[in-house]
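Enquirer: Here you go, this is data-v8.cif (mmCIF, C-alpha atoms).
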```
data_start
loop_
_atom_site.label_atom_id
_atom_site.label_comp_id
_atom_site.auth_asym_id
_atom_site.auth_seq_id
_atom_site.Cartn_x
_atom_site.Cartn_y
_atom_site.Cartn_z
CA MET A 1 16.76 -23.67 -0.58
CA THR A 2 16.03 -19.95 -0.69
CA PHE A 3 18.65 -17.21 -0.49
CA PHE A 4 17.71 -16.53 3.15
CA THR A 5 18.09 -20.21 4.14
CA THR A 6 21.43 -20.39 2.34
CA ALA A 7 22.60 -17.20 4.09
CA ILE A 8 21.67 -18.62 7.51
CA ALA A 9 23.45 -21.89 6.67
CA VAL A 10 26.59 -20.00 5.59
CA VAL A 11 26.60 -17.83 8.74
CA LEU A 12 26.16 -20.86 11.02
CA GLY A 13 28.85 -22.80 9.16
CA ALA A 14 31.27 -19.86 9.37
CA PHE A 15 30.53 -19.46 13.08
CA ALA A 16 31.21 -23.16 13.69
CA LEU A 17 34.46 -22.97 11.72
CA VAL A 18 35.72 -19.84 13.48
CA ALA A 19 34.65 -21.07 16.93
CA GLY A 20 36.24 -24.47 16.38
CA LEU A 21 39.54 -23.09 15.12
CA TRP A 22 39.80 -20.06 17.41
CA THR A 23 40.62 -21.96 20.59
CA TRP A 24 44.25 -20.97 20.94
CA GLY A 25 45.89 -17.74 22.12
CA ARG A 26 43.36 -14.95 22.32
CA GLY A 27 40.53 -17.28 21.42
CA ARG A 28 41.38 -19.42 24.42
CA ARG A 29 41.17 -16.39 26.74
CA PHE A 30 37.97 -15.19 25.07
CA TRP A 31 36.13 -18.51 25.46
CA THR A 32 37.39 -18.97 29.04
CA ARG A 33 36.22 -15.50 30.10
CA SER A 34 32.95 -15.92 28.27
CA PHE A 35 32.32 -19.32 29.88
CA ALA A 36 33.25 -18.07 33.37
CA ARG A 37 30.87 -15.10 32.98
CA SER A 38 28.07 -17.34 31.80
CA ALA A 39 28.69 -19.87 34.59
CA GLY A 40 28.86 -17.13 37.24
CA LEU A 41 32.14 -18.51 38.63
CA ALA A 42 35.62 -17.10 39.01
CA LEU A 43 38.43 -19.30 37.74
CA PRO A 44 41.41 -19.35 40.13
CA ASP A 45 44.82 -19.55 38.44
CA ALA A 46 45.60 -22.82 40.19
CA LEU A 47 42.57 -24.45 38.63
CA ALA A 48 43.02 -23.05 35.10
CA PRO A 49 45.24 -25.92 33.84
CA LEU A 50 42.46 -28.36 34.73
CA ILE A 51 39.43 -26.37 33.57
CA VAL A 52 40.56 -24.39 30.51
CA PRO A 53 41.34 -27.51 28.39
CA ARG A 54 37.87 -28.83 29.22
CA ILE A 55 36.27 -25.56 28.12
CA MET A 56 38.24 -25.62 24.87
CA ARG A 57 37.29 -29.26 24.29
CA THR A 58 33.63 -28.30 24.78
CA VAL A 59 33.91 -25.37 22.32
CA ARG A 60 35.64 -27.51 19.67
CA ALA A 61 33.26 -30.45 20.07
CA SER A 62 30.20 -28.15 19.96
CA ALA A 63 31.50 -26.42 16.83
CA LEU A 64 32.31 -29.70 15.10
CA GLY A 65 28.98 -31.25 16.16
CA GLY A 66 27.11 -28.14 15.03
CA ALA A 67 28.82 -28.21 11.63
CA VAL A 68 28.08 -31.91 11.12
CA GLY A 69 24.45 -31.49 12.25
CA GLU A 70 24.02 -28.51 9.95
CA ALA A 71 25.54 -30.37 6.99
CA LEU A 72 23.16 -33.28 7.54
CA ALA A 73 20.20 -30.90 7.85
CA ILE A 74 21.18 -29.08 4.63
CA GLY A 75 21.40 -32.47 2.90
CA GLY A 76 17.93 -33.32 4.19
CA ALA A 77 16.50 -29.97 3.10
CA LEU A 78 18.04 -30.32 -0.40
CA LEU A 79 16.92 -33.92 -0.75
CA LEU A 80 13.34 -33.05 0.14
CA ALA A 81 13.43 -29.77 -1.81
CA GLY A 82 12.41 -27.96 1.36
CA SER A 83 12.22 -24.20 1.35
CA GLY A 84 11.04 -21.28 3.42
CA LEU A 85 10.59 -21.45 7.17
CA PRO A 86 10.59 -25.27 7.48
CA ALA A 87 13.98 -25.43 5.73
CA ILE A 88 15.39 -22.67 7.98
CA ALA A 89 14.07 -24.48 11.06
CA LEU A 90 15.63 -27.71 9.80
CA VAL A 91 19.07 -26.11 9.29
CA LEU A 92 18.98 -24.37 12.69
CA GLY A 93 17.67 -27.52 14.35
CA GLY A 94 20.43 -29.62 12.79
CA PHE A 95 23.05 -27.16 14.00
CA LEU A 96 21.66 -27.02 17.56
CA SER A 97 21.27 -30.80 17.78
CA GLY A 98 24.83 -31.38 16.57
CA ALA A 99 26.24 -28.73 18.90
CA GLY A 100 24.38 -30.29 21.84
CA VAL A 101 25.67 -33.77 21.05
CA GLY A 102 29.20 -32.37 20.68
CA ALA A 103 29.01 -30.64 24.07
CA ALA A 104 27.66 -33.81 25.70
CA ILE A 105 30.45 -35.93 24.19
CA ALA A 106 33.00 -33.46 25.54
CA ALA A 107 31.34 -33.61 28.98
CA VAL A 108 31.46 -37.40 29.30
CA GLY A 109 35.23 -37.62 28.84
CA THR A 110 37.26 -39.61 31.34
CA PRO A 111 37.51 -37.81 34.70
CA ARG A 112 40.99 -36.89 35.84
CA PRO A 113 42.62 -39.30 38.29
CA LEU A 114 43.22 -37.78 41.71
CA GLY A 115 46.63 -38.06 43.35
CA ALA A 116 47.03 -40.60 46.15
CA GLU A 117 47.64 -37.87 48.74
CA GLU A 118 45.15 -35.40 47.30
CA ARG A 119 42.09 -34.47 49.33
CA ARG A 120 38.81 -35.51 47.73
CA TYR A 121 35.52 -33.66 47.75
CA ALA A 122 32.05 -34.94 46.95
CA ARG A 123 28.50 -33.89 47.55
CA GLY A 124 26.57 -35.84 50.19
CA ALA A 125 23.35 -35.79 48.18
CA ALA A 126 22.70 -37.37 44.80
CA VAL A 127 22.12 -34.94 41.94
CA THR A 128 19.58 -35.17 39.14
CA VAL A 129 19.07 -33.36 35.87
CA ARG A 130 16.65 -31.03 37.71
CA ASP A 131 19.63 -29.63 39.59
CA TYR A 132 21.23 -28.46 36.34
CA LEU A 133 18.29 -27.41 34.17
CA SER A 134 15.52 -25.02 35.07
CA PRO A 135 11.95 -26.40 34.81
CA LEU A 136 11.45 -23.98 31.94
CA GLU A 137 14.04 -25.83 29.87
CA LEU A 138 13.51 -29.36 31.14
CA VAL A 139 9.72 -29.50 31.20
CA GLY A 140 9.42 -27.00 28.34
CA ALA A 141 11.43 -29.22 25.95
CA ARG A 142 9.33 -32.28 26.75
CA VAL A 143 6.05 -30.40 26.46
CA VAL A 144 6.75 -28.71 23.12
CA VAL A 145 8.02 -31.93 21.51
CA VAL A 146 4.89 -33.81 22.65
CA LEU A 147 2.81 -30.89 21.34
CA ALA A 148 4.59 -31.05 17.97
CA VAL A 149 4.01 -34.82 17.74
CA LEU A 150 0.33 -34.40 18.62
CA ALA A 151 -0.11 -31.53 16.17
CA TRP A 152 1.59 -33.34 13.30
CA PRO A 153 -1.32 -35.67 12.31
CA ALA A 154 -3.62 -32.66 12.42
CA GLY A 155 -1.19 -30.80 10.14
CA VAL A 156 -1.12 -33.72 7.68
CA PHE A 157 -4.93 -33.81 7.76
CA ALA A 158 -5.05 -30.08 7.08
CA ASP A 159 -2.68 -30.55 4.12
CA ILE A 160 -4.86 -33.28 2.67
CA ALA A 161 -7.99 -31.22 3.26
CA GLY A 162 -6.28 -28.30 1.56
CA MET A 163 -5.33 -30.49 -1.42
CA ARG A 164 -1.62 -29.97 -0.75
CA SER A 165 -0.91 -33.53 0.23
CA GLY A 166 2.67 -34.62 -0.35
CA SER A 167 4.01 -31.14 -0.88
CA ALA A 168 7.72 -30.74 -0.15
CA SER A 169 7.13 -28.48 2.86
CA SER A 170 4.77 -31.01 4.37
CA VAL A 171 7.50 -33.67 4.20
CA VAL A 172 10.04 -31.23 5.68
CA VAL A 173 7.64 -30.49 8.56
CA GLY A 174 7.39 -34.26 9.08
CA LEU A 175 11.18 -34.40 9.16
CA LEU A 176 11.18 -31.57 11.71
CA VAL A 177 8.80 -33.53 13.96
CA LEU A 178 11.08 -36.55 13.63
CA LEU A 179 14.14 -34.42 14.39
CA SER A 180 12.40 -32.93 17.47
CA VAL A 181 11.71 -36.41 18.82
CA LEU A 182 15.25 -37.53 17.99
CA ALA A 183 16.67 -34.45 19.72
CA LEU A 184 14.58 -35.18 22.82
CA VAL A 185 15.72 -38.82 22.86
CA LEU A 186 19.33 -37.66 22.45
CA PHE A 187 18.84 -35.27 25.36
CA GLU A 188 17.34 -37.94 27.65
CA VAL A 189 20.09 -40.45 26.83
CA GLY A 190 22.85 -37.82 26.82
CA ALA A 191 21.73 -36.39 30.18
CA ARG A 192 22.03 -39.83 31.77
CA ARG A 193 25.50 -40.26 30.35
CA VAL A 194 26.62 -36.80 31.49
CA LEU A 195 25.28 -37.34 35.02
CA GLY A 196 26.71 -40.87 35.09
CA ARG A 197 30.23 -39.53 34.69
CA GLY A 198 32.09 -39.32 37.98
CA GLN A 199 32.98 -36.00 39.59
CA PRO A 200 36.30 -36.55 41.32
CA ALA A 201 37.38 -33.19 42.68
CA GLY A 202 40.41 -31.99 44.58
CA SER A 203 38.62 -28.88 45.88
CA GLU A 204 35.15 -27.44 46.24
CA THR A 205 35.92 -24.96 43.45
CA GLU A 206 36.85 -27.77 41.10
CA LEU A 207 33.56 -29.49 41.90
CA ALA A 208 31.67 -26.24 41.26
CA TRP A 209 33.40 -25.92 37.88
CA ASP A 210 32.58 -29.50 37.03
CA ASP A 211 28.95 -28.67 37.81
CA ALA A 212 29.20 -25.60 35.56
CA LEU A 213 30.54 -27.69 32.66
CA ARG A 214 27.83 -30.30 33.23
CA ALA A 215 25.11 -27.64 33.31
CA SER A 216 26.46 -26.09 30.11
CA ALA A 217 26.50 -29.44 28.28
CA LEU A 218 22.98 -30.28 29.44
CA ARG A 219 21.72 -26.85 28.40
CA SER A 220 23.29 -27.27 24.95
CA LEU A 221 21.66 -30.67 24.68
CA VAL A 222 18.18 -29.49 25.72
CA THR A 223 18.19 -26.42 23.47
CA ALA A 224 17.64 -28.50 20.30
CA PRO A 225 14.39 -30.26 21.35
CA LEU A 226 13.14 -27.07 22.98
CA CYS A 227 13.61 -24.93 19.87
CA LEU A 228 12.69 -27.62 17.34
CA GLY A 229 9.49 -28.58 19.20
CA LEU A 230 8.44 -24.97 19.48
CA TRP A 231 9.20 -24.04 15.86
CA THR A 232 7.52 -27.20 14.54
CA THR A 233 4.35 -26.51 16.52
CA ILE A 234 4.30 -22.94 15.25
CA LEU A 235 4.86 -24.12 11.67
CA ILE A 236 2.09 -26.71 11.86
CA GLY A 237 -0.26 -24.13 13.35
CA GLY A 238 0.69 -21.72 10.60
CA ARG A 239 -0.12 -24.33 7.95
CA PHE A 240 -3.68 -24.57 9.26
CA LEU A 241 -4.02 -20.83 8.81
CA ASP A 242 -2.48 -20.99 5.30
CA ILE A 243 -4.76 -23.71 4.13
CA THR A 244 -8.04 -22.68 5.72
CA GLY A 245 -7.64 -19.00 4.84
CA ASP A 246 -8.73 -16.01 6.83
CA GLN A 247 -12.11 -15.39 5.27
CA PRO A 248 -15.37 -16.06 7.16
CA PRO A 249 -17.00 -18.47 7.72
CA ARG A 250 -14.00 -19.74 9.62
CA SER A 251 -13.62 -23.52 9.66
CA PRO A 252 -12.73 -25.59 12.75
CA GLY A 253 -9.29 -26.08 11.15
CA TRP A 254 -8.71 -22.33 11.16
CA TRP A 255 -9.49 -22.19 14.86
CA VAL A 256 -7.16 -25.13 15.58
CA GLY A 257 -4.41 -23.35 13.68
CA GLU A 258 -5.13 -20.06 15.39
CA VAL A 259 -5.02 -21.60 18.88
CA LEU A 260 -1.88 -23.65 18.12
CA THR A 261 0.00 -20.74 16.62
CA LEU A 262 -1.04 -18.25 19.27
CA ALA A 263 -0.31 -20.68 22.11
CA SER A 264 3.14 -21.43 20.64
CA LEU A 265 3.92 -17.75 20.12
CA VAL A 266 2.80 -16.92 23.66
CA ALA A 267 4.94 -19.81 24.93
CA LEU A 268 7.89 -18.54 22.88
CA VAL A 269 7.57 -15.01 24.27
CA ALA A 270 7.07 -16.37 27.82
CA VAL A 271 10.15 -18.58 27.48
CA LEU A 272 12.25 -15.65 26.26
CA VAL A 273 11.03 -13.29 28.99
CA ILE A 274 11.42 -15.83 31.80
CA ALA A 275 14.85 -16.83 30.42
CA LEU A 276 15.96 -13.20 30.51
CA ILE A 277 14.67 -12.65 34.04
CA SER A 278 15.51 -15.96 35.71
CA ARG A 279 18.95 -16.54 34.15
CA PRO A 280 18.61 -20.31 33.64
CA GLN A 281 22.39 -20.56 33.15
CA HIS A 282 22.71 -19.94 36.92
CA HIS A 283 20.03 -22.46 37.90
CA TYR A 284 22.72 -24.97 38.95
CA LEU A 285 24.25 -22.35 41.25
CA ARG A 286 20.91 -21.68 42.95
CA ARG A 287 20.34 -25.42 43.45
CA LEU A 288 23.79 -26.76 44.22
CA TRP A 289 25.85 -23.74 45.31
CA PRO A 290 23.41 -21.32 46.97
CA ALA A 291 26.19 -19.59 48.94
CA VAL A 292 28.14 -18.87 45.73
CA GLU A 293 24.99 -17.58 44.07
CA GLN A 294 24.32 -15.29 47.05
CA GLN A 295 27.85 -13.93 46.88
CA ARG A 296 27.50 -13.38 43.14
CA ARG A 297 24.24 -11.48 43.61
CA ALA A 298 25.66 -9.44 46.46
CA GLY A 299 28.64 -8.56 44.25
CA ARG A 300 26.33 -7.48 41.42
CA ALA A 301 24.18 -5.43 43.79
CA ALA A 302 27.27 -3.69 45.20
CA ARG A 303 28.43 -2.65 41.70
CA MET B 1 30.27 -31.23 51.26
CA ILE B 2 32.17 -34.38 52.15
CA GLU B 3 35.93 -34.07 52.36
CA ILE B 4 38.18 -37.08 52.62
CA ASP B 5 41.79 -36.51 53.62
CA PRO B 6 43.93 -39.54 52.72
CA GLY B 7 46.71 -38.21 54.98
CA SER B 8 44.51 -38.06 58.07
CA PRO B 9 45.06 -40.59 60.88
CA THR B 10 41.27 -41.08 60.97
CA PRO B 11 40.33 -43.92 58.61
CA PRO B 12 38.37 -42.84 55.48
CA PHE B 13 35.41 -44.93 56.65
CA GLU B 14 35.18 -42.96 59.87
CA GLN B 15 35.69 -39.61 58.09
CA LEU B 16 32.81 -40.44 55.76
CA ARG B 17 30.49 -41.71 58.49
CA VAL B 18 31.06 -38.72 60.77
CA GLN B 19 30.58 -36.21 57.95
CA LEU B 20 27.43 -37.84 56.65
CA LEU B 21 26.01 -37.95 60.17
CA ALA B 22 26.92 -34.30 60.74
CA GLN B 23 25.25 -33.26 57.48
CA ILE B 24 22.11 -35.21 58.33
CA HIS B 25 21.91 -33.90 61.89
CA GLY B 26 22.76 -30.39 60.75
CA GLY B 27 19.91 -30.42 58.27
CA GLU B 28 22.18 -30.08 55.23
CA LEU B 29 20.87 -33.46 54.17
CA ALA B 30 17.19 -33.24 55.00
CA SER B 31 14.84 -36.13 55.59
CA GLY B 32 14.01 -37.72 52.24
CA ALA B 33 17.19 -36.48 50.54
CA ARG B 34 18.71 -39.09 48.26
CA LEU B 35 22.30 -40.13 48.85
CA PRO B 36 24.63 -40.95 45.94
CA THR B 37 24.94 -44.60 45.01
CA VAL B 38 27.69 -46.55 46.72
CA ARG B 39 29.65 -46.85 43.47
CA ARG B 40 29.31 -43.14 42.60
CA LEU B 41 30.43 -41.92 46.02
CA ALA B 42 33.27 -44.47 46.12
CA ASP B 43 34.49 -43.36 42.67
CA ASP B 44 34.27 -39.66 43.49
CA LEU B 45 36.03 -40.00 46.82
CA GLY B 46 38.58 -42.55 45.62
CA LEU B 47 37.42 -45.09 48.21
CA ALA B 48 36.74 -48.80 47.90
CA PRO B 49 33.03 -49.48 47.31
CA ASN B 50 33.06 -51.76 50.36
CA THR B 51 34.08 -48.82 52.55
CA VAL B 52 31.10 -46.72 51.42
CA ALA B 53 28.76 -49.73 51.56
CA ARG B 54 29.84 -50.44 55.15
CA CYS B 55 29.27 -46.81 56.10
CA TYR B 56 25.76 -46.85 54.56
CA ARG B 57 25.04 -50.14 56.34
CA GLU B 58 26.01 -48.71 59.72
CA LEU B 59 23.95 -45.58 59.17
CA GLU B 60 21.02 -47.73 58.11
CA GLN B 61 21.33 -49.87 61.24
CA ALA B 62 21.31 -46.67 63.29
CA GLY B 63 18.05 -45.69 61.55
CA VAL B 64 19.58 -42.59 59.99
CA ILE B 65 19.18 -43.68 56.38
CA GLU B 66 16.98 -46.19 54.56
CA THR B 67 17.73 -48.24 51.47
CA HIS B 68 14.84 -48.66 49.06
CA GLY B 69 16.30 -51.11 46.55
CA ARG B 70 16.47 -49.58 43.10
CA ASN B 71 15.05 -46.29 44.42
CA GLY B 72 18.33 -45.69 46.19
CA THR B 73 19.27 -44.66 49.69
CA ILE B 74 17.46 -41.81 51.37
CA VAL B 75 17.83 -39.92 54.64
CA ALA B 76 15.30 -41.23 57.15
CA TRP B 77 16.25 -39.04 60.06
CA SER B 78 14.27 -35.88 60.51
CA SER B 79 15.15 -32.84 62.55
CA ASP B 80 11.47 -32.07 63.20
CA GLY B 81 9.68 -32.74 66.47
CA SER B 82 10.13 -35.03 69.37
CA GLU B 83 10.69 -38.11 67.22
CA ALA B 84 13.78 -36.44 65.84
CA GLU B 85 15.03 -35.84 69.36
CA LEU B 86 14.46 -39.48 70.15
CA GLN B 87 16.29 -40.48 66.96
CA ARG B 88 19.21 -38.30 68.02
CA ALA B 89 19.26 -39.97 71.41
CA ALA B 90 19.07 -43.38 69.74
CA VAL B 91 22.03 -42.58 67.49
CA ALA B 92 23.99 -41.40 70.54
CA LEU B 93 23.00 -44.54 72.39
CA VAL B 94 24.14 -46.78 69.52
CA GLU B 95 27.45 -44.94 69.35
CA ARG B 96 27.92 -45.27 73.09
CA ALA B 97 27.02 -48.96 73.00
CA ARG B 98 29.60 -49.50 70.26
CA ALA B 99 32.21 -47.60 72.22
CA LEU B 100 31.52 -49.81 75.25
CA GLY B 101 31.67 -52.95 73.14
CA ILE B 102 28.04 -53.92 73.76
CA THR B 103 26.45 -56.00 71.00
CA PRO B 104 23.30 -54.68 69.24
CA GLU B 105 21.27 -57.63 70.63
CA ARG B 106 22.31 -56.84 74.20
CA ALA B 107 21.65 -53.13 73.72
CA ARG B 108 18.14 -53.89 72.38
CA ALA B 109 17.49 -56.10 75.37
CA ILE B 110 18.54 -53.33 77.75
CA ILE B 111 16.26 -50.82 76.00
CA GLY B 112 13.43 -53.32 76.09
CA ALA B 113 13.94 -53.90 79.77
CA ALA B 114 13.82 -50.17 80.35
CA PHE B 115 10.44 -50.05 78.64
CA GLY B 116 8.95 -52.71 80.89
CA ALA B 117 7.75 -56.26 81.01
CA ASP B 118 7.03 -56.64 77.26
CA ALA B 119 10.73 -56.58 76.55
CA PRO B 120 12.64 -59.80 75.86
CA ALA B 121 14.48 -61.07 78.89
CA ALA B 122 18.11 -60.14 79.08
CA PRO B 123 20.45 -63.12 78.76
#
```
Please express the file's structure as structure tokens.
Expert:
Amino acid sequence: MTFFTTAIAVVLGAFALVAGLWTWGRGRRFWTRSFARSAGLALPDALAPLIVPRIMRTVRASALGGAVGEALAIGGALLLAGSGLPAIALVLGGFLSGAGVGAAIAAVGTPRPLGAEERRYARGAAVTVRDYLSPLELVGARVVVVLAVLAWPAGVFADIAGMRSGSASSVVVGLLVLLSVLALVLFEVGARRVLGRGQPAGSETELAWDDALRASALRSLVTAPLCLGLWTTILIGGRFLDITGDQPPRSPGWWVGEVLTLASLVALVAVLVIALISRPQHHYLRRLWPAVEQQRRAGRAAR
Amino acid sequence: MIEIDPGSPTPPFEQLRVQLLAQIHGGELASGARLPTVRRLADDLGLAPNTVARCYRELEQAGVIETHGRNGTIVAWSSDGSEAELQRAAVALVERARALGITPERARAIIGAAFGADAPAAP
């Protein structure tokens, strides 16, 4: 592993450690405020004893999952003597995958039992994963992982053609493709489990918060396949360019690499721009709580 | 949003049925909208699955919802056009028939008779 990869691994590890341990006192207030801001919901005092422990559980589980995922990825990178961008992608991917799994595990905990005399609230319509994740994230993750899988054989072919068959980076890229697919499978399975958990709620606000926690867990879970698929496709495209060179006459492989890399970079920029504009973290509000979203927007416009 | 009040004198079954009907007629649950599974709604509302199943069955008999096996239960009633108006009248008729203690078979026979000779003869 290079110095840069090691530095990234150390920073991620330190972040996971601090985040996981800093969930008491000020840390508790910090994460609660940060989560409420991200979710676009106010947390009434009466509801805090029910919601704050769930937020802290999510933070701790994400941090622990991220640390475990990162450790496994570092092990993989060391074992395969990976270096450079593929190793960095592997470490980041391991961290994101682990954090997503941690958040999902926290989200599928046993729902609280409602009191016998407590009013109960439920939505009349069934919800699906599309209610919690924007198409950009949901469809985007599936598309980029399929793209990475399709591009992989071409990348291996390019390696062989470039007489670099069996190089360490090539194996690490293969591992990245595998990790992308694994992350997508984890997301699909995890999303079912998260949505399968009941949503007993003693008020509409509690139900809205449960939706916020669900949306957050699903977004954590989908981030890994989305990023891994995108990075892997870019890396494979880049390998075409490396191997075929930039000198005319340009081979068909060069053009494949050029198109793959450019398409992935354009997709990456588009994803970032759309994510900034559309605020995917509030997608669940637009779908499930349009009145709350309207109030939130009106409040922002008034400020 | 469905709200069940365990302290209400109205039985939970009736609270659920009335609220689902109101949401469907009010357009909150549009035609084609999927309802939660019986088990999910029962768990979330703290009701017995039989209570929710009975409610769905009644709404299905009234033509308001349809059950499509593994594809779940969807809203069949639409607020568009004259058919919707007729559906509304039919739901009101079914409710009135129930209130008067008239069996579904007898009510169908009466409707048939109103349509003309092709209706089955009333017993």
Enquirer: List every residue of stretch 143-219 of chain A that has an atom at most 12 Å from any atom of stretch 1-25 of chain B, giving for each one its closest atom pair and the distance in Å to one decimal, counting all atoms listed in the file, sorted by chain and then by ascending residue number, as a tab-separated table.
Expert:
```
residue	atom	partner	partner_atom	distance
A:Pro200	CA	B:Glu3	CA	11.3
A:Ala201	CA	B:Glu3	CA	9.8
A:Gly202	CA	B:Glu3	CA	9.2
A:Ser203	CA	B:Glu3	CA	8.7
A:Glu204	CA	B:Met1	CA	8.0
A:Thr205	CA	B:Met1	CA	11.5
A:Leu207	CA	B:Met1	CA	10.1
A:Ala208	CA	B:Met1	CA	11.3
```
Enquirer: Could those residues be written to a file, using C-alpha atoms, as a CSV table (one decimal), keeping the file's coordinate frame?
Expert:
```
chain,number,residue,atom,x,y,z
A,200,PRO,CA,36.3,-36.6,41.3
A,201,ALA,CA,37.4,-33.2,42.7
A,202,GLY,CA,40.4,-32.0,44.6
A,203,SER,CA,38.6,-28.9,45.9
A,204,GLU,CA,35.2,-27.4,46.2
A,205,THR,CA,35.9,-25.0,43.4
A,207,LEU,CA,33.6,-29.5,41.9
A,208,ALA,CA,31.7,-26.2,41.3
```
Enquirer: Given the file shown, determine the residues that the PyMOL selection byres ((chain A and resi 147-153) around 9) selects; report them as a ChimeraX atom specification.
Expert: /A:142-146,154-158,173-174,177-178,180-181,228-234,236-237,260
Enquirer: For the PyMOL selection byres ((chain A and resi 28) around 12), applied here, can you spell out every residue it catches as a PyMOL selection string?
Expert: chain A and resi 19-27+29-35+48+51-60
Enquirer: Of the residues B:Gly46, B:Gly32, B:Gly27, B:Gly116, which is the one nearest to chain A, using all atoms listed in the file?
Expert: B:Gly46
Enquirer: Any idea what's packed within 7 Å of stretch 58-69 of chain B, counting all atoms listed in the file, ignoring anything in its chain fewer than 6 positions away? Could you give it as a ChimeraX atom specification?
Expert: /B:75-77,91,94
